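Shown here: target.cif, mmCIF, C-alpha atoms and all ligand atoms.
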```
data_my_file
#
loop_
_atom_site.label_atom_id
_atom_site.label_comp_id
_atom_site.auth_asym_id
_atom_site.auth_seq_id
_atom_site.Cartn_x
_atom_site.Cartn_y
_atom_site.Cartn_z
CA MET F 1 6.38 -11.45 -21.49
CA ASN F 2 5.54 -13.63 -18.45
CA ILE F 3 6.85 -12.38 -15.10
CA LEU F 4 6.83 -14.46 -11.91
CA ALA F 5 6.40 -11.86 -9.17
CA ILE F 6 7.11 -12.28 -5.46
CA GLU F 7 5.92 -10.06 -2.60
CA SER F 8 6.84 -10.65 1.06
CA SER F 9 7.40 -7.19 2.57
CA CYS F 10 5.02 -7.62 5.52
CA TYR F 11 2.75 -10.51 6.51
CA GLU F 12 1.27 -11.46 3.14
CA THR F 13 3.21 -14.00 1.12
CA ALA F 14 2.19 -13.44 -2.49
CA VAL F 15 3.25 -14.91 -5.81
CA SER F 16 1.70 -13.99 -9.13
CA VAL F 17 2.29 -14.51 -12.83
CA VAL F 18 1.62 -11.38 -14.89
CA ARG F 19 1.79 -11.12 -18.68
CA ASP F 20 2.94 -7.86 -20.27
CA GLY F 21 2.26 -5.83 -17.15
CA ARG F 22 -1.52 -5.94 -17.36
CA GLN F 23 -2.81 -9.49 -17.63
CA VAL F 24 -2.85 -11.44 -14.35
CA LEU F 25 -2.53 -15.17 -15.09
CA SER F 26 -2.47 -16.14 -11.41
CA ASP F 27 -2.42 -14.32 -8.11
CA GLU F 28 -1.73 -16.34 -4.96
CA VAL F 29 -1.89 -14.52 -1.62
CA LEU F 30 -1.52 -16.13 1.78
CA SER F 31 -2.12 -13.75 4.68
CA GLN F 32 -0.75 -14.33 8.18
CA ALA F 33 -3.02 -11.60 9.61
CA ASP F 34 -4.64 -13.99 12.10
CA MET F 35 -1.27 -15.03 13.56
CA HIS F 36 -0.24 -11.41 14.17
CA ALA F 37 -3.68 -10.42 15.47
CA LEU F 38 -2.90 -12.52 18.57
CA TYR F 39 -0.16 -10.00 19.43
CA GLY F 40 -2.05 -6.85 18.38
CA GLY F 41 0.51 -6.04 15.66
CA VAL F 42 3.08 -7.53 13.32
CA VAL F 43 5.80 -9.70 14.88
CA PRO F 44 8.62 -9.51 12.31
CA GLU F 45 10.23 -12.84 13.25
CA ILE F 46 6.92 -14.69 12.89
CA ALA F 47 6.36 -13.03 9.50
CA SER F 48 9.77 -14.14 8.16
CA ARG F 49 9.42 -17.71 9.41
CA ASN F 50 6.01 -18.12 7.83
CA HIS F 51 7.13 -16.66 4.51
CA ILE F 52 9.84 -19.34 4.42
CA LYS F 53 7.31 -22.07 5.12
CA VAL F 54 4.93 -21.22 2.27
CA ILE F 55 6.81 -19.37 -0.47
CA SER F 56 7.89 -22.42 -2.55
CA ARG F 57 4.46 -23.98 -2.44
CA LEU F 58 2.84 -20.68 -3.40
CA ALA F 59 5.20 -20.25 -6.37
CA ASP F 60 4.37 -23.78 -7.61
CA SER F 61 0.70 -23.06 -7.25
CA ALA F 62 0.99 -19.68 -9.05
CA LEU F 63 2.70 -21.40 -12.00
CA GLU F 64 0.12 -24.18 -12.08
CA LYS F 65 -2.84 -21.78 -11.95
CA ALA F 66 -1.25 -19.67 -14.71
CA GLY F 67 -1.06 -22.85 -16.81
CA LEU F 68 2.63 -22.27 -17.49
CA THR F 69 5.78 -24.33 -17.11
CA LYS F 70 8.93 -22.89 -15.54
CA ALA F 71 10.45 -22.64 -19.03
CA GLU F 72 7.73 -20.16 -20.03
CA ILE F 73 8.75 -17.63 -17.35
CA ASP F 74 10.73 -14.75 -18.90
CA ALA F 75 11.74 -12.89 -15.74
CA VAL F 76 11.43 -13.02 -11.96
CA ALA F 77 10.41 -9.88 -10.03
CA VAL F 78 10.57 -9.21 -6.32
CA THR F 79 9.75 -6.51 -3.79
CA TYR F 80 13.16 -5.46 -2.43
CA ALA F 81 12.04 -2.41 -0.35
CA PRO F 82 10.59 -0.98 1.82
CA GLY F 83 9.23 -3.32 4.51
CA LEU F 84 10.28 -5.66 7.32
CA ILE F 85 13.86 -6.55 6.55
CA GLY F 86 13.68 -10.25 7.46
CA ALA F 87 10.42 -10.68 5.57
CA LEU F 88 11.80 -8.92 2.48
CA LEU F 89 14.95 -11.06 2.56
CA VAL F 90 12.90 -14.25 2.26
CA GLY F 91 11.32 -13.03 -0.98
CA VAL F 92 14.54 -11.54 -2.33
CA ASN F 93 16.53 -14.73 -1.76
CA PHE F 94 13.81 -16.92 -3.20
CA ALA F 95 13.59 -14.68 -6.27
CA LYS F 96 17.37 -14.66 -6.77
CA ALA F 97 17.48 -18.44 -6.66
CA ALA F 98 14.50 -18.75 -9.02
CA ALA F 99 15.96 -16.28 -11.53
CA MET F 100 19.32 -18.02 -11.44
CA ALA F 101 17.82 -21.50 -11.79
CA LEU F 102 15.58 -20.42 -14.69
CA GLY F 103 18.34 -18.36 -16.33
CA VAL F 104 16.12 -15.25 -16.58
CA PRO F 105 16.55 -11.62 -15.48
CA LEU F 106 15.82 -10.54 -11.90
CA ILE F 107 13.80 -7.31 -11.56
CA PRO F 108 13.74 -5.44 -8.22
CA VAL F 109 10.47 -3.59 -7.51
CA HIS F 110 9.80 -0.88 -4.92
CA HIS F 111 6.74 -1.90 -2.89
CA VAL F 112 4.93 1.43 -3.20
CA ARG F 113 5.56 1.56 -6.96
CA GLY F 114 3.83 -1.82 -6.91
CA HIS F 115 0.81 -0.42 -5.06
CA ILE F 116 0.53 2.30 -7.71
CA ALA F 117 0.78 -0.34 -10.47
CA ALA F 118 -2.17 -2.28 -8.98
CA ASN F 119 -4.16 0.35 -10.87
CA TYR F 120 -2.64 -0.73 -14.22
CA VAL F 121 -4.06 -4.20 -13.57
CA ALA F 122 -7.46 -2.82 -12.59
CA PHE F 123 -7.71 -0.17 -15.33
CA PRO F 124 -6.25 -1.27 -18.67
CA GLU F 125 -6.66 2.25 -20.10
CA LEU F 126 -4.70 3.98 -17.31
CA GLU F 127 -1.30 5.38 -18.26
CA PRO F 128 0.92 7.98 -16.59
CA PRO F 129 1.13 10.91 -16.12
CA PHE F 130 -1.14 11.24 -13.08
CA LEU F 131 -1.11 12.21 -9.43
CA CYS F 132 -1.19 9.36 -6.92
CA LEU F 133 -1.95 9.19 -3.22
CA ALA F 134 -0.35 6.00 -1.86
CA ILE F 135 -1.78 5.12 1.56
CA SER F 136 -0.81 1.90 3.29
CA GLY F 137 0.24 0.53 6.65
CA GLY F 138 3.81 1.77 6.24
CA ASN F 139 3.61 4.66 3.77
CA THR F 140 1.57 7.78 3.12
CA ILE F 141 2.83 9.81 0.18
CA ILE F 142 1.54 11.99 -2.63
CA VAL F 143 3.44 11.07 -5.77
CA ASP F 144 3.86 12.92 -9.05
CA VAL F 145 3.86 9.95 -11.47
CA ARG F 146 5.30 11.39 -14.69
CA GLY F 147 6.00 7.99 -16.24
CA TYR F 148 5.89 4.31 -15.29
CA THR F 149 9.35 4.54 -13.72
CA ASP F 150 9.71 8.31 -13.43
CA MET F 151 8.11 9.67 -10.27
CA SER F 152 8.79 11.89 -7.28
CA VAL F 153 7.26 12.45 -3.89
CA ILE F 154 5.66 15.86 -3.42
CA GLY F 155 4.17 15.26 0.04
CA SER F 156 4.49 12.69 2.78
CA THR F 157 3.64 12.02 6.40
CA HIS F 158 6.14 13.26 8.96
CA ASP F 159 5.32 10.47 11.41
CA ASP F 160 2.72 7.67 11.29
CA ALA F 161 1.35 6.33 8.03
CA ALA F 162 -2.44 6.55 7.61
CA GLY F 163 -2.86 2.76 7.97
CA GLU F 164 -0.66 2.66 11.05
CA CYS F 165 -2.81 5.43 12.57
CA PHE F 166 -5.97 3.40 11.81
CA ASP F 167 -4.40 0.34 13.46
CA LYS F 168 -3.33 2.21 16.59
CA ALA F 169 -6.61 4.08 17.03
CA ALA F 170 -8.50 0.81 16.52
CA ARG F 171 -6.45 -0.86 19.23
CA VAL F 172 -7.43 1.83 21.75
CA LEU F 173 -11.08 1.17 20.86
CA GLY F 174 -10.57 -2.53 21.55
CA LEU F 175 -10.79 -3.58 17.90
CA PRO F 176 -8.73 -6.42 16.40
CA TYR F 177 -5.57 -6.00 14.30
CA PRO F 178 -5.33 -4.89 11.53
CA GLY F 179 -7.73 -2.20 12.60
CA GLY F 180 -8.61 -0.39 9.35
CA ARG F 181 -11.59 -2.47 8.34
CA PRO F 182 -13.07 -2.96 11.86
CA MET F 183 -12.69 0.79 12.43
CA GLN F 184 -14.58 1.48 9.20
CA GLU F 185 -17.36 -0.91 10.24
CA LEU F 186 -17.68 0.72 13.67
CA ALA F 187 -17.60 4.19 12.07
CA GLU F 188 -20.58 3.29 9.89
CA LYS F 189 -22.73 3.25 13.04
CA GLY F 190 -21.49 6.59 14.41
CA ASP F 191 -21.82 10.35 13.97
CA ASP F 192 -18.67 11.74 12.32
CA ARG F 193 -19.13 15.06 14.18
CA ALA F 194 -19.29 13.44 17.64
CA TYR F 195 -15.70 14.44 18.50
CA LYS F 196 -13.53 17.33 17.39
CA LEU F 197 -10.15 15.95 16.33
CA PRO F 198 -7.01 17.71 15.06
CA ASN F 199 -5.96 18.04 11.42
CA ALA F 200 -2.26 18.93 11.53
CA ARG F 201 -0.66 21.21 8.96
CA ILE F 202 3.06 21.51 8.36
CA ASP F 203 4.28 25.10 7.89
CA GLY F 204 5.50 25.74 4.37
CA ARG F 205 4.84 22.13 3.27
CA PRO F 206 1.19 22.12 2.11
CA TYR F 207 1.23 18.50 0.90
CA ASP F 208 2.93 16.99 3.92
CA MET F 209 0.87 15.33 6.65
CA SER F 210 1.11 14.31 10.29
CA PHE F 211 -1.06 11.70 11.97
CA SER F 212 0.57 11.35 15.39
CA GLY F 213 -1.49 14.21 16.90
CA LEU F 214 -4.69 12.58 15.69
CA LYS F 215 -3.63 9.24 17.12
CA THR F 216 -2.73 10.84 20.47
CA ALA F 217 -6.07 12.67 20.57
CA VAL F 218 -7.96 9.37 20.21
CA VAL F 219 -5.76 7.73 22.88
CA ASN F 220 -6.33 10.66 25.27
CA ILE F 221 -10.12 10.66 24.79
CA ALA F 222 -10.27 6.92 25.51
CA HIS F 223 -7.87 7.03 28.51
CA THR F 224 -9.41 10.13 30.11
CA ALA F 225 -12.87 8.54 29.91
CA GLY F 226 -11.44 5.29 31.34
CA GLN F 227 -9.90 7.14 34.32
CA LYS F 228 -13.16 8.94 35.05
CA GLY F 229 -15.14 5.75 34.63
CA GLU F 230 -17.13 7.36 31.79
CA GLU F 231 -18.37 5.63 28.65
CA ILE F 232 -17.12 6.90 25.32
CA ASP F 233 -19.19 6.99 22.15
CA ARG F 234 -17.00 4.40 20.39
CA ALA F 235 -18.84 4.53 17.07
CA GLY F 236 -18.84 8.34 17.14
CA LEU F 237 -15.11 8.39 17.88
CA ALA F 238 -14.40 5.92 15.06
CA ALA F 239 -16.50 7.97 12.63
CA SER F 240 -14.89 11.26 13.70
CA PHE F 241 -11.44 9.68 13.39
CA GLN F 242 -12.18 8.36 9.91
CA ARG F 243 -13.47 11.76 8.82
CA ALA F 244 -10.29 13.40 10.19
CA VAL F 245 -8.07 10.97 8.23
CA SER F 246 -10.03 11.52 5.05
CA GLU F 247 -9.94 15.30 5.51
CA ALA F 248 -6.15 15.10 5.88
CA LEU F 249 -5.82 13.08 2.67
CA VAL F 250 -8.42 14.16 0.12
CA PRO F 251 -8.18 18.00 0.04
CA ARG F 252 -4.36 17.85 -0.02
CA THR F 253 -4.33 15.46 -2.94
CA MET F 254 -6.90 17.51 -4.85
CA SER F 255 -4.99 20.71 -4.31
CA ALA F 256 -1.70 19.07 -5.40
CA ALA F 257 -3.47 17.85 -8.58
CA ARG F 258 -4.71 21.38 -9.26
CA GLU F 259 -1.24 22.85 -8.77
CA LEU F 260 0.44 20.28 -11.02
CA GLY F 261 -2.36 20.37 -13.58
CA TYR F 262 -3.37 16.70 -13.38
CA ASP F 263 -6.85 15.51 -14.36
CA LYS F 264 -6.24 11.91 -13.34
CA ILE F 265 -6.14 11.02 -9.62
CA VAL F 266 -5.00 7.56 -8.57
CA VAL F 267 -5.34 6.15 -5.05
CA ALA F 268 -3.35 3.08 -3.98
CA GLY F 269 -2.51 0.91 -0.95
CA GLY F 270 -4.40 -0.82 1.86
CA VAL F 271 -6.17 2.32 3.13
CA ALA F 272 -7.55 2.90 -0.39
CA ALA F 273 -10.02 0.17 0.62
CA ASN F 274 -11.62 2.59 3.08
CA LYS F 275 -15.20 3.42 2.08
CA ARG F 276 -15.15 6.94 3.50
CA VAL F 277 -11.89 7.84 1.74
CA ARG F 278 -13.22 6.38 -1.53
CA ALA F 279 -16.53 8.26 -1.22
CA ASP F 280 -14.82 11.56 -0.39
CA PHE F 281 -12.48 11.19 -3.37
CA GLU F 282 -15.41 10.35 -5.65
CA GLU F 283 -17.26 13.47 -4.54
CA ALA F 284 -14.21 15.73 -4.84
CA CYS F 285 -13.30 14.39 -8.30
CA ARG F 286 -16.89 14.73 -9.51
CA ALA F 287 -16.99 18.34 -8.27
CA GLU F 288 -13.72 19.21 -10.05
CA GLY F 289 -14.28 17.17 -13.22
CA LYS F 290 -11.30 14.89 -12.54
CA THR F 291 -11.11 11.17 -13.26
CA LEU F 292 -10.58 8.92 -10.24
CA PHE F 293 -8.88 5.51 -10.25
CA VAL F 294 -9.11 3.38 -7.11
CA PRO F 295 -8.42 -0.36 -7.34
CA PRO F 296 -10.99 -2.99 -6.32
CA LEU F 297 -10.52 -4.14 -2.72
CA ARG F 298 -8.50 -7.27 -3.54
CA LEU F 299 -5.85 -5.11 -5.27
CA CYS F 300 -5.64 -2.50 -2.47
CA GLY F 301 -3.80 -4.74 0.02
CA ASP F 302 -0.45 -6.42 -0.65
CA ASN F 303 -0.42 -8.80 -3.61
CA GLY F 304 1.97 -10.19 -6.19
CA ALA F 305 0.05 -8.99 -9.26
CA MET F 306 0.94 -5.36 -8.52
CA ILE F 307 4.63 -6.31 -8.33
CA GLY F 308 4.42 -8.19 -11.65
CA ALA F 309 2.68 -5.20 -13.25
CA GLN F 310 5.30 -2.67 -12.15
CA ALA F 311 8.11 -5.12 -12.95
CA TYR F 312 7.14 -5.14 -16.62
CA TYR F 313 7.65 -1.38 -16.87
CA GLU F 314 10.86 -1.57 -14.81
CA TYR F 315 12.09 -4.24 -17.25
CA LEU F 316 11.30 -2.03 -20.25
CA ALA F 317 13.22 0.79 -18.54
CA GLY F 318 16.25 -1.50 -18.16
CA THR F 319 16.06 -2.16 -14.41
CA ARG F 320 17.88 -5.38 -13.49
CA ALA F 321 19.50 -6.81 -10.38
CA GLY F 322 22.13 -9.46 -9.83
CA ALA F 323 22.89 -11.98 -7.12
CA GLU F 324 24.13 -9.13 -4.90
CA LEU F 325 20.63 -7.60 -4.63
CA ASN F 326 19.91 -6.60 -1.05
CA ALA F 327 16.66 -5.80 0.74
CA TYR F 328 16.07 -2.38 2.33
CA ALA F 329 13.73 -1.63 5.22
CA THR F 330 13.42 1.96 3.99
CA ARG F 331 14.08 3.35 0.55
CA GLU F 332 12.67 6.28 -1.41
CA ILE F 333 10.25 5.56 -4.24
CA ASP F 334 12.42 7.61 -6.60
CA ALA F 335 15.77 6.15 -5.52
CA ASP F 336 17.80 5.07 -8.52
CA PHE F 337 18.82 1.47 -9.05
CA SER F 338 22.50 1.92 -9.74
CA ASP F 339 23.63 0.47 -6.41
CA LEU F 340 21.42 -2.62 -6.39
CA GLY F 341 23.91 -5.11 -7.73
O1 LIG Q 401 -1.15 -1.91 1.69
P1 LIG Q 401 -1.27 -2.77 2.89
O2 LIG Q 401 -2.00 -4.09 2.77
O3 LIG Q 401 0.14 -3.09 3.51
C1 LIG Q 401 1.21 -2.21 3.44
O4 LIG Q 401 1.85 -2.13 2.36
O5 LIG Q 401 1.41 -1.51 4.47
O6 LIG Q 401 -1.98 -1.86 4.00
C2 LIG Q 401 -2.33 -2.35 5.24
C3 LIG Q 401 -3.05 -1.23 6.00
C4 LIG Q 401 -3.34 -1.60 7.44
O7 LIG Q 401 -2.90 -0.54 8.25
C5 LIG Q 401 -4.86 -1.74 7.46
O8 LIG Q 401 -5.44 -1.43 8.71
C6 LIG Q 401 -5.27 -0.75 6.39
O9 LIG Q 401 -4.30 -0.93 5.36
N1 LIG Q 401 -6.63 -1.00 5.87
C7 LIG Q 401 -7.64 -0.12 6.00
C8 LIG Q 401 -8.78 -0.75 5.46
N2 LIG Q 401 -8.42 -1.99 5.00
C9 LIG Q 401 -7.09 -2.11 5.27
N3 LIG Q 401 -7.68 1.10 6.54
C10 LIG Q 401 -8.85 1.74 6.53
N4 LIG Q 401 -10.00 1.22 6.03
C11 LIG Q 401 -10.01 -0.02 5.49
N5 LIG Q 401 -11.14 -0.53 5.00
#
```
So that I can check it, write out the structure of this file as structure tokens.
Amino acid sequence: MNILAIESSCYETAVSVVRDGRQVLSDEVLSQADMHALYGGVVPEIASRNHIKVISRLADSALEKAGLTKAEIDAVAVTYAPGLIGALLVGVNFAKAAAMALGVPLIPVHHVRGHIAANYVAFPELEPPFLCLAISGGNTIIVDVRGYTDMSVIGSTHDDAAGECFDKAARVLGLPYPGGRPMQELAEKGDDRAYKLPNARIDGRPYDMSFSGLKTAVVNIAHTAGQKGEEIDRAGLAASFQRAVSEALVPRTMSAARELGYDKIVVAGGVAANKRVRADFEEACRAEGKTLFVPPLRLCGDNGAMIGAQAYYEYLAGTRAGAELNAYATREIDADFSDLG
């Protein structure tokens, strides 16, 4: 089954053709990161306008690179939530029109389910059940993935997502947006014990997280030094910050896996690209005899292949949408599809 998959929830416009959920025939991604870097963050209106400019061309190119004609597409899939509402609407409306014109089903896909499914593309042998930590610019959740379309959140951040925290801390250190990768590069030159930073715990909710205190601590260190005219150890602060993020993520995920009895740990989303987080997970999984799945870097960030992969399993589970499909800025990963039109 060939699925044409569209992703436009933030500033990457992505179109992919995926066969039977696992085989990526083409994967076109056009990032607007440079345009948003000028403003130090995402400008939603700019994101929507640029999706509109490139989405048709990208879909043509995805079909051509897949070596398929339009008649060989069996379904169209699209990210319908969560994300920037205007950006999502561009993809959703394009997908509706494409599905209608081709006379094929339309499959709505939750963005974070897509991030999880990036691992199905990367690891052909991987099947649920497993425990997943999904860490991106907009979401940080620990998910009990019982089946391809049967999952529930067992822990989440109460405020900033891990990626958002990376971006904000990076900004204070004068690094470009998006700040995750530059922060990692700066951290490589620093001592991760240079600064003592907080690791928040939520009473009675062992798998929930909070990153706003960590972000504020980095802001305060930088501002206090600025007011006193003192230099900060930027590399040491970046390294200490990265360690604090990893220490908030890895032990929680491992302890949730122990409690639920999972031997397979999956990490997904943009922050899964982080070397420190990857290394800490590798060490923890080795120590506990668990198997770790983390996608290669190109599948960590937003892409269409992950949407096409998840869409196949949504299709098998009977998920369909009609012309009334709406986009949602926020929506739970385990929300049912009965109201989608
Ligand atoms: O998954 P993604 O591409 O978009 C969302 O669905 O949100 O994630 C983007 C986030 C950004 O916050 C970016 O700074 C972060 O992933 N990121 C990283 C790294 N590469 C990207 N964070 C830490 N270390 C990295 N190497």
- Message: To one decimal place in Å, what is the distance between CA of Arg193 (chain F) and CA of Ile232 (chain F)?
- Response: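 For CA of Arg193 (chain F) relative to CA of Ile232 (chain F), the distance reads 14.0 Å.
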- A straight line from CA of Val43 (chain F) to CA of Leu84 (chain F) spans 9.7 Å
Once 8 Å is added on each side, what centre and edge lengths in Å to one decimal does the axis-aligned box around all listed atoms of ligand LIG 401 (chain Q) have, as AutoDock Vina command-line options?
```
--center_x -4.6 --center_y -1.2 --center_z 5.2 --size_x 29.0 --size_y 21.8 --size_z 23.0
```
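With CA of His158 (chain F) on one side and CA of Gly261 (chain F) on the other, the separation reads 25.1 Å.
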- Task: Kindly indicate which residue among F:Leu133, F:Ala235, F:Ala81, F:Val109 lies nearest to Met254 (chain F), using all atoms listed in the file for the distances.
- Result: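 Checking each candidate against Met254 (chain F), we get F:Leu133 as the closest.
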- Site check for ligand LIG 401 (chain Q): residues at most 8 Å away, all atoms listed in the file, as a PyMOL selection string: chain F and resi 9-10+83+111-112+115+135-139+162-167+177-184+268-275+300-302
Keeping only C-alpha atoms, write the selected residues to a file as a PDB file, keeping the file's coordinate frame.
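Listed below is the output, again_26.pdb:
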```pdb
ATOM      1  CA  SER F   9       7.400  -7.190   2.570  1.00  0.00           C
ATOM      2  CA  CYS F  10       5.020  -7.620   5.520  1.00  0.00           C
ATOM      3  CA  GLY F  83       9.230  -3.320   4.510  1.00  0.00           C
ATOM      4  CA  HIS F 111       6.740  -1.900  -2.890  1.00  0.00           C
ATOM      5  CA  VAL F 112       4.930   1.430  -3.200  1.00  0.00           C
ATOM      6  CA  HIS F 115       0.810  -0.420  -5.060  1.00  0.00           C
ATOM      7  CA  ILE F 135      -1.780   5.120   1.560  1.00  0.00           C
ATOM      8  CA  SER F 136      -0.810   1.900   3.290  1.00  0.00           C
ATOM      9  CA  GLY F 137       0.240   0.530   6.650  1.00  0.00           C
ATOM     10  CA  GLY F 138       3.810   1.770   6.240  1.00  0.00           C
ATOM     11  CA  ASN F 139       3.610   4.660   3.770  1.00  0.00           C
ATOM     12  CA  ALA F 162      -2.440   6.550   7.610  1.00  0.00           C
ATOM     13  CA  GLY F 163      -2.860   2.760   7.970  1.00  0.00           C
ATOM     14  CA  GLU F 164      -0.660   2.660  11.050  1.00  0.00           C
ATOM     15  CA  CYS F 165      -2.810   5.430  12.570  1.00  0.00           C
ATOM     16  CA  PHE F 166      -5.970   3.400  11.810  1.00  0.00           C
ATOM     17  CA  ASP F 167      -4.400   0.340  13.460  1.00  0.00           C
ATOM     18  CA  TYR F 177      -5.570  -6.000  14.300  1.00  0.00           C
ATOM     19  CA  PRO F 178      -5.330  -4.890  11.530  1.00  0.00           C
ATOM     20  CA  GLY F 179      -7.730  -2.200  12.600  1.00  0.00           C
ATOM     21  CA  GLY F 180      -8.610  -0.390   9.350  1.00  0.00           C
ATOM     22  CA  ARG F 181     -11.590  -2.470   8.340  1.00  0.00           C
ATOM     23  CA  PRO F 182     -13.070  -2.960  11.860  1.00  0.00           C
ATOM     24  CA  MET F 183     -12.690   0.790  12.430  1.00  0.00           C
ATOM     25  CA  GLN F 184     -14.580   1.480   9.200  1.00  0.00           C
ATOM     26  CA  ALA F 268      -3.350   3.080  -3.980  1.00  0.00           C
ATOM     27  CA  GLY F 269      -2.510   0.910  -0.950  1.00  0.00           C
ATOM     28  CA  GLY F 270      -4.400  -0.820   1.860  1.00  0.00           C
ATOM     29  CA  VAL F 271      -6.170   2.320   3.130  1.00  0.00           C
ATOM     30  CA  ALA F 272      -7.550   2.900  -0.390  1.00  0.00           C
ATOM     31  CA  ALA F 273     -10.020   0.170   0.620  1.00  0.00           C
ATOM     32  CA  ASN F 274     -11.620   2.590   3.080  1.00  0.00           C
ATOM     33  CA  LYS F 275     -15.200   3.420   2.080  1.00  0.00           C
ATOM     34  CA  CYS F 300      -5.640  -2.500  -2.470  1.00  0.00           C
ATOM     35  CA  GLY F 301      -3.800  -4.740   0.020  1.00  0.00           C
ATOM     36  CA  ASP F 302      -0.450  -6.420  -0.650  1.00  0.00           C
TER      37      ASP F 302
END
```
- Message: Taking all atoms listed in the file into account, name the residue in F:Gly304, F:Gly174, F:Gly67, F:Pro129 that is nearest to Ser152 (chain F).
- Response: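 Residue with the minimum atom-to-atom distance to Ser152 (chain F): F:Pro129.
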- Which of these, F:Gly103, F:Pro108, F:Gly40, F:Gly91, has the shortest distance to Gly308 (chain F) once you count all atoms listed in the file?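 Looking at the shortest contact to Gly308 (chain F), the residue is F:Pro108.
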- Neighbours of region 221-227 of chain F within 12 Å (all atoms listed in the file; same-chain residues fewer than 3 positions away dropped), as an MDAnalysis selection string? chainID F and resid 169:174 194:197 214:218 230:234 236:238 241
- Query: Looking at all atoms listed in the file, which of F:Leu102, F:Ala309, F:Thr69, F:Pro128 is the one that sits closest to Val24 (chain F)?
  - Reply: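 Checking each candidate against Val24 (chain F), we get F:Ala309 as the closest.
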- Distance criterion (all atoms listed in the file): nearest to Ile333 (chain F) out of F:Ile116, F:Ala71, F:Leu4, F:Met100: F:Ile116
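Shown here are all protein and nucleic acid residues lying within 12 Å of (20.4, -14.8, -12.7), with all atoms listed in the file considered: Asp74, Ala75, Val76, Ala77, Asn93, Phe94, Ala95, Lys96, Ala97, Ala98, Ala99, Met100, Ala101, Leu102, Gly103, Val104, Pro105, Leu106, Ile107, Arg320, Ala321, Gly322, Ala323, Glu324, Leu325 and Gly341 of chain F.
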- Kindly provide, as a PyMOL selection string, the polymer residues lying within 8 Å of (-0.7, -13.6, -6.8), counting all atoms listed in the file and using the coordinates exactly as they appear in the file. chain F and resi 5+14-17+26-29+62+303-305
- Item | Distance criterion (only C-alpha atoms): nearest to Val92 (chain F) out of F:Leu175, F:Val78, F:Ala317, F:Ala117 |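 When distances to Val92 (chain F) are compared using only C-alpha atoms, the smallest one comes from F:Val78.
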Find the spatial neighbours of Ala257 (chain F), counting all atoms listed in the file, within a cut-off of 10 Å - ignore same-chain residues fewer than 4 positions away - and output them as a PDB file with C-alpha atoms, in the frame of the given file.
```pdb
ATOM      1  CA  PHE F 130      -1.140  11.240 -13.080  1.00  0.00           C
ATOM      2  CA  LEU F 131      -1.110  12.210  -9.430  1.00  0.00           C
ATOM      3  CA  CYS F 132      -1.190   9.360  -6.920  1.00  0.00           C
ATOM      4  CA  ILE F 142       1.540  11.990  -2.630  1.00  0.00           C
ATOM      5  CA  ASP F 144       3.860  12.920  -9.050  1.00  0.00           C
ATOM      6  CA  PRO F 251      -8.180  18.000   0.040  1.00  0.00           C
ATOM      7  CA  ARG F 252      -4.360  17.850  -0.020  1.00  0.00           C
ATOM      8  CA  THR F 253      -4.330  15.460  -2.940  1.00  0.00           C
ATOM      9  CA  GLY F 261      -2.360  20.370 -13.580  1.00  0.00           C
ATOM     10  CA  TYR F 262      -3.370  16.700 -13.380  1.00  0.00           C
ATOM     11  CA  ASP F 263      -6.850  15.510 -14.360  1.00  0.00           C
ATOM     12  CA  LYS F 264      -6.240  11.910 -13.340  1.00  0.00           C
ATOM     13  CA  ILE F 265      -6.140  11.020  -9.620  1.00  0.00           C
ATOM     14  CA  LYS F 290     -11.300  14.890 -12.540  1.00  0.00           C
TER      15      LYS F 290
END
```
